[in-house]
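File shown: work16.txt. Contents: compact mmCIF, C-alpha atoms.
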```
# COMPACT_ATOMS: atom_id res chain seq x y z
CA MET A 1 108.29 72.11 115.76
CA ALA A 2 110.96 71.47 118.39
CA PHE A 3 114.51 72.52 117.54
CA VAL A 4 116.69 69.45 117.02
CA LYS A 5 120.48 69.71 117.21
CA ILE A 6 121.76 67.54 114.38
CA SER A 7 125.29 68.16 115.66
CA GLU A 8 124.31 66.48 118.96
CA GLN A 9 122.72 63.37 117.42
CA PRO A 10 124.36 59.97 118.05
CA SER A 11 127.40 59.18 115.94
CA LEU A 12 126.91 56.99 112.88
CA TYR A 13 129.63 54.78 114.37
CA ASP A 14 129.65 52.80 117.61
CA ASP A 15 131.97 50.67 119.72
CA LEU A 16 134.79 53.08 118.88
CA GLU A 17 137.02 51.66 121.60
CA LYS A 18 136.95 48.28 119.84
CA LYS A 19 138.21 49.65 116.52
CA SER A 20 141.79 49.53 115.29
CA VAL A 21 143.72 52.77 114.80
CA HIS A 22 143.38 52.32 111.03
CA GLU A 23 139.60 51.92 111.30
CA ILE A 24 139.28 55.01 113.50
CA LEU A 25 141.34 57.17 111.15
CA THR A 26 139.53 55.87 108.08
CA ASP A 27 136.13 56.53 109.65
CA ILE A 28 137.10 60.07 110.67
CA ASN A 29 138.40 60.76 107.18
CA THR A 30 135.14 59.46 105.69
CA GLU A 31 133.21 61.92 107.84
CA ASP A 32 135.61 64.77 107.03
CA HIS A 33 134.84 64.36 103.33
CA LYS A 34 131.33 65.61 104.08
CA VAL A 35 132.56 68.98 105.36
CA ALA A 36 133.57 70.61 102.07
CA ASP A 37 130.22 69.71 100.51
CA ALA A 38 128.38 71.25 103.46
CA VAL A 39 130.44 74.44 103.13
CA GLN A 40 129.79 74.54 99.37
CA ARG A 41 126.04 74.58 99.99
CA ALA A 42 126.50 77.69 102.16
CA ILE A 43 128.42 79.71 99.53
CA PRO A 44 125.44 81.97 98.61
CA GLN A 45 125.18 83.12 102.23
CA ILE A 46 128.96 83.49 102.57
CA GLU A 47 129.03 85.55 99.36
CA ARG A 48 126.32 87.85 100.67
CA LEU A 49 128.29 88.31 103.88
CA VAL A 50 131.62 89.06 102.19
CA THR A 51 129.95 91.57 99.86
CA GLY A 52 128.49 93.37 102.87
CA ILE A 53 131.76 93.28 104.81
CA VAL A 54 133.75 94.79 101.94
CA GLU A 55 131.28 97.62 101.48
CA ARG A 56 131.49 98.45 105.19
CA MET A 57 135.24 97.91 105.49
CA ARG A 58 135.84 100.43 102.72
CA ARG A 59 134.16 102.94 105.03
CA GLY A 60 136.35 101.97 107.99
CA GLY A 61 134.37 99.02 109.29
CA ARG A 62 135.86 96.02 111.07
CA ILE A 63 135.10 92.31 111.50
CA PHE A 64 134.40 90.84 114.94
CA TYR A 65 134.22 87.10 115.50
CA MET A 66 132.27 86.02 118.60
CA GLY A 67 132.28 82.50 120.02
CA ALA A 68 132.76 80.21 122.98
CA GLY A 69 134.98 77.15 123.34
CA THR A 70 136.20 75.67 120.06
CA SER A 71 134.15 78.16 118.05
CA GLY A 72 135.65 81.10 119.89
CA ARG A 73 139.18 79.76 119.51
CA LEU A 74 138.74 79.36 115.75
CA GLY A 75 137.54 82.96 115.44
CA VAL A 76 140.55 84.21 117.39
CA LEU A 77 142.83 82.03 115.26
CA ASP A 78 141.52 83.41 111.98
CA ALA A 79 141.71 87.00 113.24
CA SER A 80 145.29 86.53 114.47
CA GLU A 81 146.42 85.38 111.03
CA ILE A 82 145.25 88.49 109.16
CA PRO A 83 148.06 90.91 110.16
CA PRO A 84 150.97 88.61 109.19
CA THR A 85 149.28 87.35 106.01
CA PHE A 86 147.82 90.57 104.67
CA GLY A 87 149.62 93.33 106.58
CA MET A 88 146.41 94.65 108.12
CA ASP A 89 146.37 96.31 111.53
CA PRO A 90 145.15 93.86 114.22
CA SER A 91 142.16 96.11 114.92
CA TRP A 92 140.59 95.33 111.52
CA VAL A 93 139.68 91.72 112.30
CA VAL A 94 139.15 90.89 115.97
CA GLY A 95 138.39 87.55 117.62
CA ILE A 96 136.50 87.64 120.92
CA ILE A 97 136.02 84.48 123.01
CA ALA A 98 133.68 84.02 125.96
CA GLY A 99 135.80 84.11 129.10
CA GLY A 100 138.56 86.20 127.54
CA ASP A 101 142.06 85.10 126.60
CA THR A 102 142.19 82.62 129.49
CA ALA A 103 139.57 80.59 127.62
CA LEU A 104 141.94 80.10 124.69
CA ARG A 105 143.79 77.44 126.71
CA ASN A 106 141.46 76.58 129.58
CA PRO A 107 137.68 76.28 129.94
CA VAL A 108 136.10 79.21 131.78
CA GLU A 109 133.12 77.92 133.72
CA ARG A 110 129.73 79.21 132.52
CA ALA A 111 131.29 82.01 130.44
CA GLU A 112 129.18 81.09 127.43
CA ASP A 113 125.93 81.19 129.42
CA ASP A 114 125.92 84.99 129.92
CA THR A 115 123.56 86.56 127.38
CA GLU A 116 124.73 90.11 128.11
CA GLN A 117 128.52 89.69 128.27
CA GLY A 118 129.03 89.41 124.51
CA TRP A 119 127.69 92.89 123.88
CA ARG A 120 129.74 94.27 126.78
CA ASP A 121 132.84 92.73 125.20
CA LEU A 122 131.99 94.35 121.86
CA GLN A 123 131.42 97.73 123.49
CA ALA A 124 135.00 97.60 124.78
CA HIS A 125 136.01 97.95 121.10
CA ALA A 126 133.62 100.87 120.46
CA VAL A 127 131.69 98.79 117.92
CA ASN A 128 129.62 100.87 115.48
CA ASP A 129 127.24 100.50 112.54
CA ARG A 130 130.06 100.12 110.00
CA ASP A 131 131.26 96.95 111.72
CA THR A 132 130.35 93.31 111.07
CA VAL A 133 129.78 90.84 113.90
CA ILE A 134 130.00 87.13 113.08
CA GLY A 135 128.79 84.72 115.72
CA ILE A 136 130.20 81.18 115.61
CA ALA A 137 128.22 78.50 117.44
CA ALA A 138 128.10 74.88 116.30
CA SER A 139 125.08 74.16 118.47
CA GLY A 140 123.38 77.39 117.45
CA THR A 141 122.23 77.94 121.04
CA THR A 142 125.18 79.64 122.79
CA PRO A 143 123.70 82.49 124.89
CA TYR A 144 126.92 84.56 124.76
CA VAL A 145 126.81 84.59 120.95
CA ILE A 146 123.04 85.01 120.62
CA GLY A 147 123.05 88.02 122.94
CA ALA A 148 125.98 89.66 121.16
CA LEU A 149 124.35 89.27 117.74
CA ARG A 150 120.98 90.48 118.96
CA ASP A 151 122.41 93.69 120.41
CA ALA A 152 124.88 94.26 117.56
CA ARG A 153 122.10 94.03 115.01
CA ALA A 154 119.94 96.40 117.04
CA HIS A 155 122.81 98.91 116.88
CA GLY A 156 123.09 98.72 113.09
CA CYS A 157 125.96 96.25 112.68
CA LEU A 158 125.91 93.70 109.89
CA THR A 159 125.47 90.36 111.64
CA ALA A 160 126.05 86.75 110.57
CA ALA A 161 125.99 83.39 112.30
CA ILE A 162 127.93 80.21 111.49
CA THR A 163 126.21 77.12 112.88
CA SER A 164 125.95 73.39 112.27
CA ASN A 165 122.21 73.16 112.86
CA PRO A 166 119.31 74.30 110.66
CA ASP A 167 116.82 76.86 111.99
CA ALA A 168 118.95 77.38 115.09
CA PRO A 169 118.21 80.18 117.58
CA VAL A 170 121.46 81.92 116.57
CA SER A 171 120.21 82.03 112.97
CA GLU A 172 117.07 83.84 114.05
CA VAL A 173 118.99 86.80 115.48
CA ALA A 174 121.52 87.13 112.63
CA GLU A 175 120.88 89.00 109.40
CA ILE A 176 122.85 86.39 107.44
CA PRO A 177 122.61 82.83 108.83
CA ILE A 178 125.28 80.48 107.48
CA GLU A 179 124.08 76.97 108.23
CA MET A 180 126.73 74.36 107.51
CA ILE A 181 125.06 71.02 108.11
CA VAL A 182 127.76 68.38 108.54
CA GLY A 183 125.67 65.84 110.45
CA PRO A 184 126.50 63.98 113.68
CA GLU A 185 130.08 64.02 114.86
CA TYR A 186 132.27 60.90 114.91
CA VAL A 187 132.44 61.16 118.69
CA THR A 188 128.88 62.16 119.57
CA GLY A 189 128.60 65.89 120.23
CA SER A 190 132.31 66.62 119.74
CA SER A 191 131.94 69.78 117.68
CA ARG A 192 135.72 70.30 117.60
CA MET A 193 135.67 67.77 114.76
CA LYS A 194 133.57 68.28 111.60
CA SER A 195 131.88 71.42 112.88
CA GLY A 196 135.21 72.95 113.82
CA THR A 197 136.75 72.00 110.49
CA GLY A 198 133.89 73.61 108.60
CA GLN A 199 134.02 76.73 110.75
CA LYS A 200 137.71 77.12 110.00
CA MET A 201 137.05 76.71 106.27
CA ILE A 202 134.31 79.34 106.30
CA CYS A 203 136.40 81.80 108.31
CA ASN A 204 139.24 81.30 105.80
CA MET A 205 136.83 82.03 102.95
CA ILE A 206 135.37 85.14 104.58
CA THR A 207 138.64 86.87 105.41
CA THR A 208 140.60 85.74 102.36
CA ALA A 209 137.90 86.88 99.95
CA THR A 210 137.55 90.14 101.87
CA MET A 211 141.28 90.86 101.85
CA ILE A 212 141.51 90.14 98.12
CA ARG A 213 138.64 92.54 97.44
CA MET A 214 140.34 95.11 99.70
CA GLY A 215 143.44 95.02 97.48
CA ARG A 216 145.71 93.16 99.87
CA VAL A 217 146.66 90.51 97.24
CA LYS A 218 148.31 91.12 93.84
CA GLY A 219 147.85 88.38 91.25
CA ASN A 220 147.99 85.46 93.65
CA LYS A 221 150.72 86.82 95.94
CA MET A 222 150.65 87.98 99.58
CA VAL A 223 152.29 91.28 98.66
CA ASN A 224 151.44 92.89 102.02
CA MET A 225 152.62 90.08 104.31
CA GLN A 226 154.72 90.96 107.34
CA LEU A 227 158.40 90.14 106.96
CA SER A 228 158.59 88.49 110.36
CA ASN A 229 161.11 85.73 109.67
CA ALA A 230 163.79 84.63 107.20
CA LYS A 231 161.39 82.41 105.26
CA LEU A 232 159.03 85.31 104.58
CA VAL A 233 161.88 87.67 103.68
CA ASP A 234 163.06 85.10 101.15
CA ARG A 235 159.54 84.66 99.77
CA GLY A 236 159.09 88.40 99.49
CA THR A 237 162.46 88.82 97.84
CA ARG A 238 161.55 86.26 95.18
CA MET A 239 158.28 88.12 94.56
CA VAL A 240 160.21 91.34 93.98
CA VAL A 241 162.63 89.54 91.65
CA GLU A 242 159.68 88.21 89.66
CA ALA A 243 157.91 91.56 89.52
CA LEU A 244 160.90 93.77 88.67
CA GLY A 245 163.57 91.50 87.19
CA LEU A 246 166.19 92.58 89.73
CA SER A 247 168.94 90.40 91.12
CA TYR A 248 168.12 88.57 94.33
CA ASP A 249 170.42 90.77 96.44
CA ASP A 250 169.06 94.03 94.96
CA ALA A 251 165.50 92.82 95.42
CA LYS A 252 166.17 91.91 99.05
CA ARG A 253 167.69 95.33 99.81
CA LEU A 254 164.70 97.05 98.21
CA LEU A 255 162.24 94.85 100.10
CA LEU A 256 163.84 95.45 103.49
CA LEU A 257 164.06 99.18 102.82
CA HIS A 258 160.32 99.50 102.19
CA GLY A 259 158.97 96.73 104.42
CA SER A 260 156.58 94.96 102.03
CA VAL A 261 156.53 93.61 98.49
CA LYS A 262 153.83 96.05 97.42
CA LYS A 263 155.63 99.11 98.81
CA ALA A 264 158.94 97.99 97.32
CA VAL A 265 157.49 97.41 93.85
CA ASP A 266 155.44 100.63 93.90
CA ALA A 267 158.46 102.68 95.02
CA TYR A 268 160.70 101.17 92.34
CA ASN A 269 158.12 101.74 89.59
CA GLN A 270 157.57 105.35 90.64
CA GLN A 271 161.30 105.99 90.65
CA HIS A 272 161.75 104.51 87.17
CA GLN A 273 158.74 106.04 85.40
```
Write the structure described by the file as structure tokens, please.
Amino acid sequence: MAFVKISEQPSLYDDLEKKSVHEILTDINTEDHKVADAVQRAIPQIERLVTGIVERMRRGGRIFYMGAGTSGRLGVLDASEIPPTFGMDPSWVVGIIAGGDTALRNPVERAEDDTEQGWRDLQAHAVNDRDTVIGIAASGTTPYVIGALRDARAHGCLTAAITSNPDAPVSEVAEIPIEMIVGPEYVTGSSRMKSGTGQKMICNMITTATMIRMGRVKGNKMVNMQLSNAKLVDRGTRMVVEALGLSYDDAKRLLLLHGSVKKAVDAYNQQHQ
């Protein structure tokens, strides 16, 4: 049976240029409501992936996102948010986009068509069999991603694919295919819309669940966040106040001395045992 890209099928809406702004926004919102349900149906596969990532990360493994275009940008975005949110070194979760950092802002012609370049880009990070490689491709046919997953799996990495099409070629090369079927896009083929939204949701789920299981969250607090601005210092100070019952000023001094909520609370508790 021929592979059909549901994500490339004609939009359920037509004559978009004749619609009012209100109609356009309402239609887009109607379509966006479908995304969370599509992600929910993929939870068993996401759970399997997170369980595998945690087991490998506890042995020093890392996460690599691979993608092109919108998919690549979303992987880089999620990876870039892990150090400030959870205090992890940037090398633990890495986003790689076809065409390199230039492609974050500008299209790089034919970068996604190279089947071998993805693995070369991974080798630059000395990828090994404790690592996890997650390919993101709405179409499910991106050669850059397919090649990277194929070679990563052959070298013992845990591999997963996030796609918007069932039985896609990228699913065939990944150990854990995550197929998030959101249907045709509002603007036909514009995978930056529902597909991109769903990809972002799944990436959030993968890394947030992993970081919680890795002990980077206490209760429901980001106790390892980087104190990179006044807002986060204030948030961290209030966490220390809540945890230890100190005055705001004492909590702030303790926080800034140790650099994170977790370190500040642990140091205080050890000192007062």
Mind giving me the straight-line distance from atom CA of Met225 of chain A to atom CA of Thr85 of chain A in Å, one decimal?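 Atom-to-atom, atom CA of Met225 of chain A to atom CA of Thr85 of chain A, that is 4.6 Å.
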Could you tell me, as a compact mmCIF listing (two decimals) with C-alpha atoms, in the coordinates of the input, which residues have any atom at most 12 Å from (138.0, 66.4, 104.7), counting only C-alpha atoms?
```txt
# COMPACT_ATOMS: atom_id res chain seq x y z
CA LEU A 25 141.34 57.17 111.15
CA THR A 26 139.53 55.87 108.08
CA ASP A 27 136.13 56.53 109.65
CA ILE A 28 137.10 60.07 110.67
CA ASN A 29 138.40 60.76 107.18
CA THR A 30 135.14 59.46 105.69
CA GLU A 31 133.21 61.92 107.84
CA ASP A 32 135.61 64.77 107.03
CA HIS A 33 134.84 64.36 103.33
CA LYS A 34 131.33 65.61 104.08
CA VAL A 35 132.56 68.98 105.36
CA ALA A 36 133.57 70.61 102.07
CA ASP A 37 130.22 69.71 100.51
CA ALA A 38 128.38 71.25 103.46
CA VAL A 39 130.44 74.44 103.13
CA VAL A 182 127.76 68.38 108.54
CA MET A 193 135.67 67.77 114.76
CA LYS A 194 133.57 68.28 111.60
CA SER A 195 131.88 71.42 112.88
CA GLY A 196 135.21 72.95 113.82
CA THR A 197 136.75 72.00 110.49
CA GLY A 198 133.89 73.61 108.60
CA LYS A 200 137.71 77.12 110.00
CA MET A 201 137.05 76.71 106.27
```
Each residue of segment 183-218 of chain A with at least one atom at most 6 Å from segment 9-19 of chain A should appear once, together with its nearest atom pair and the corresponding distance in Å (one decimal); atoms considered: all atoms listed in the file; ordering: chain, then increasing residue number; output as a Markdown table.
```
| residue | atom | partner | partner_atom | distance |
| --- | --- | --- | --- | --- |
| A:Pro184 | CA | A:Gln9 | CA | 5.4 |
| A:Glu185 | CA | A:Ser11 | CA | 5.6 |
| A:Tyr186 | CA | A:Ser11 | CA | 5.3 |
| A:Thr188 | CA | A:Ser11 | CA | 4.9 |
```
- Who sits within 9 Å of Val127 of chain A, only C-alpha atoms, same chain under 2 positions skipped, as a ChimeraX atom specification: /A:62,64,122-125,129-132,152,155,157
Q. Quick one: residues within 8 Å of segment 138-145 of chain A, only C-alpha atoms counted, chain neighbours fewer than 5 positions away excluded, as a PyMOL selection string?
A. chain A and resi 5+7-8+66-68+71+98+111-118+162-165+168-171+191+195-196
Can you build me a table of segment 77-139 of chain A residues sitting at most 12 Å from segment 238-260 of chain A, with the closest atom pair per residue and its distance in Å to one decimal, using only C-alpha atoms, sorted by chain and residue number, as JSON lines?
```
{"residue": "A:Pro84", "atom": "CA", "partner": "A:Ser260", "partner_atom": "CA", "distance": 11.1}
{"residue": "A:Thr85", "atom": "CA", "partner": "A:Ser260", "partner_atom": "CA", "distance": 11.3}
{"residue": "A:Phe86", "atom": "CA", "partner": "A:Ser260", "partner_atom": "CA", "distance": 10.1}
{"residue": "A:Gly87", "atom": "CA", "partner": "A:Ser260", "partner_atom": "CA", "distance": 8.5}
{"residue": "A:Met88", "atom": "CA", "partner": "A:Ser260", "partner_atom": "CA", "distance": 11.9}
```
If you count only C-alpha atoms, the residue of A:Arg192, A:Arg153, A:Arg105, A:Lys262 closest to Met222 of chain A turns out to be A:Lys262
- Shortest interatomic distance to Ala79 of chain A - which of A:Val133, A:Val50, A:Ile63, A:Leu158, counting only C-alpha atoms: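 Smallest distance to Ala79 of chain A is found for A:Ile63.
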Counting all atoms listed in the file, the residue among A:Val233, A:Val187, A:Ala103, A:Val223 that lies closest to Thr70 of chain A is A:Ala103
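The interatomic distance for the pair atom CA of Thr210 of chain A and atom CA of Glu47 of chain A works out to 10.0 Å.
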Please fill the gaps in segment 148-163 of chain A so it has N, CA and C atoms, and write that as a tab-separated table (two decimals), in the frame of the given file.
```tsv
chain	number	residue	atom	x	y	z
A	148	ALA	N	125.10	88.71	121.87
A	148	ALA	CA	125.98	89.66	121.16
A	148	ALA	C	125.40	90.01	119.80
A	149	LEU	N	124.92	89.01	119.07
A	149	LEU	CA	124.35	89.27	117.74
A	149	LEU	C	123.07	90.08	117.83
A	150	ARG	N	122.24	89.75	118.78
A	150	ARG	CA	120.98	90.48	118.96
A	150	ARG	C	121.24	91.98	119.19
A	151	ASP	N	122.15	92.29	120.09
A	151	ASP	CA	122.41	93.69	120.41
A	151	ASP	C	123.19	94.38	119.30
A	152	ALA	N	124.12	93.67	118.66
A	152	ALA	CA	124.88	94.26	117.56
A	152	ALA	C	123.96	94.62	116.41
A	153	ARG	N	123.04	93.74	116.10
A	153	ARG	CA	122.10	94.03	115.01
A	153	ARG	C	121.20	95.21	115.35
A	154	ALA	N	120.78	95.29	116.60
A	154	ALA	CA	119.94	96.40	117.04
A	154	ALA	C	120.67	97.73	116.93
A	155	HIS	N	122.00	97.69	116.98
A	155	HIS	CA	122.81	98.91	116.88
A	155	HIS	C	123.33	99.14	115.46
A	156	GLY	N	122.79	98.43	114.49
A	156	GLY	CA	123.09	98.72	113.09
A	156	GLY	C	124.26	97.96	112.49
A	157	CYS	N	124.88	97.05	113.24
A	157	CYS	CA	125.96	96.25	112.68
A	157	CYS	C	125.41	95.23	111.69
A	158	LEU	N	126.22	94.86	110.71
A	158	LEU	CA	125.91	93.70	109.89
A	158	LEU	C	126.21	92.47	110.74
A	159	THR	N	125.28	91.52	110.79
A	159	THR	CA	125.47	90.36	111.64
A	159	THR	C	125.31	89.06	110.84
A	160	ALA	N	126.12	88.07	111.20
A	160	ALA	CA	126.05	86.75	110.57
A	160	ALA	C	126.29	85.70	111.64
A	161	ALA	N	125.79	84.50	111.38
A	161	ALA	CA	125.99	83.39	112.30
A	161	ALA	C	126.45	82.17	111.53
A	162	ILE	N	127.45	81.47	112.06
A	162	ILE	CA	127.93	80.21	111.49
A	162	ILE	C	127.54	79.10	112.46
A	163	THR	N	126.69	78.18	112.01
A	163	THR	CA	126.21	77.12	112.88
A	163	THR	C	126.11	75.81	112.13
```
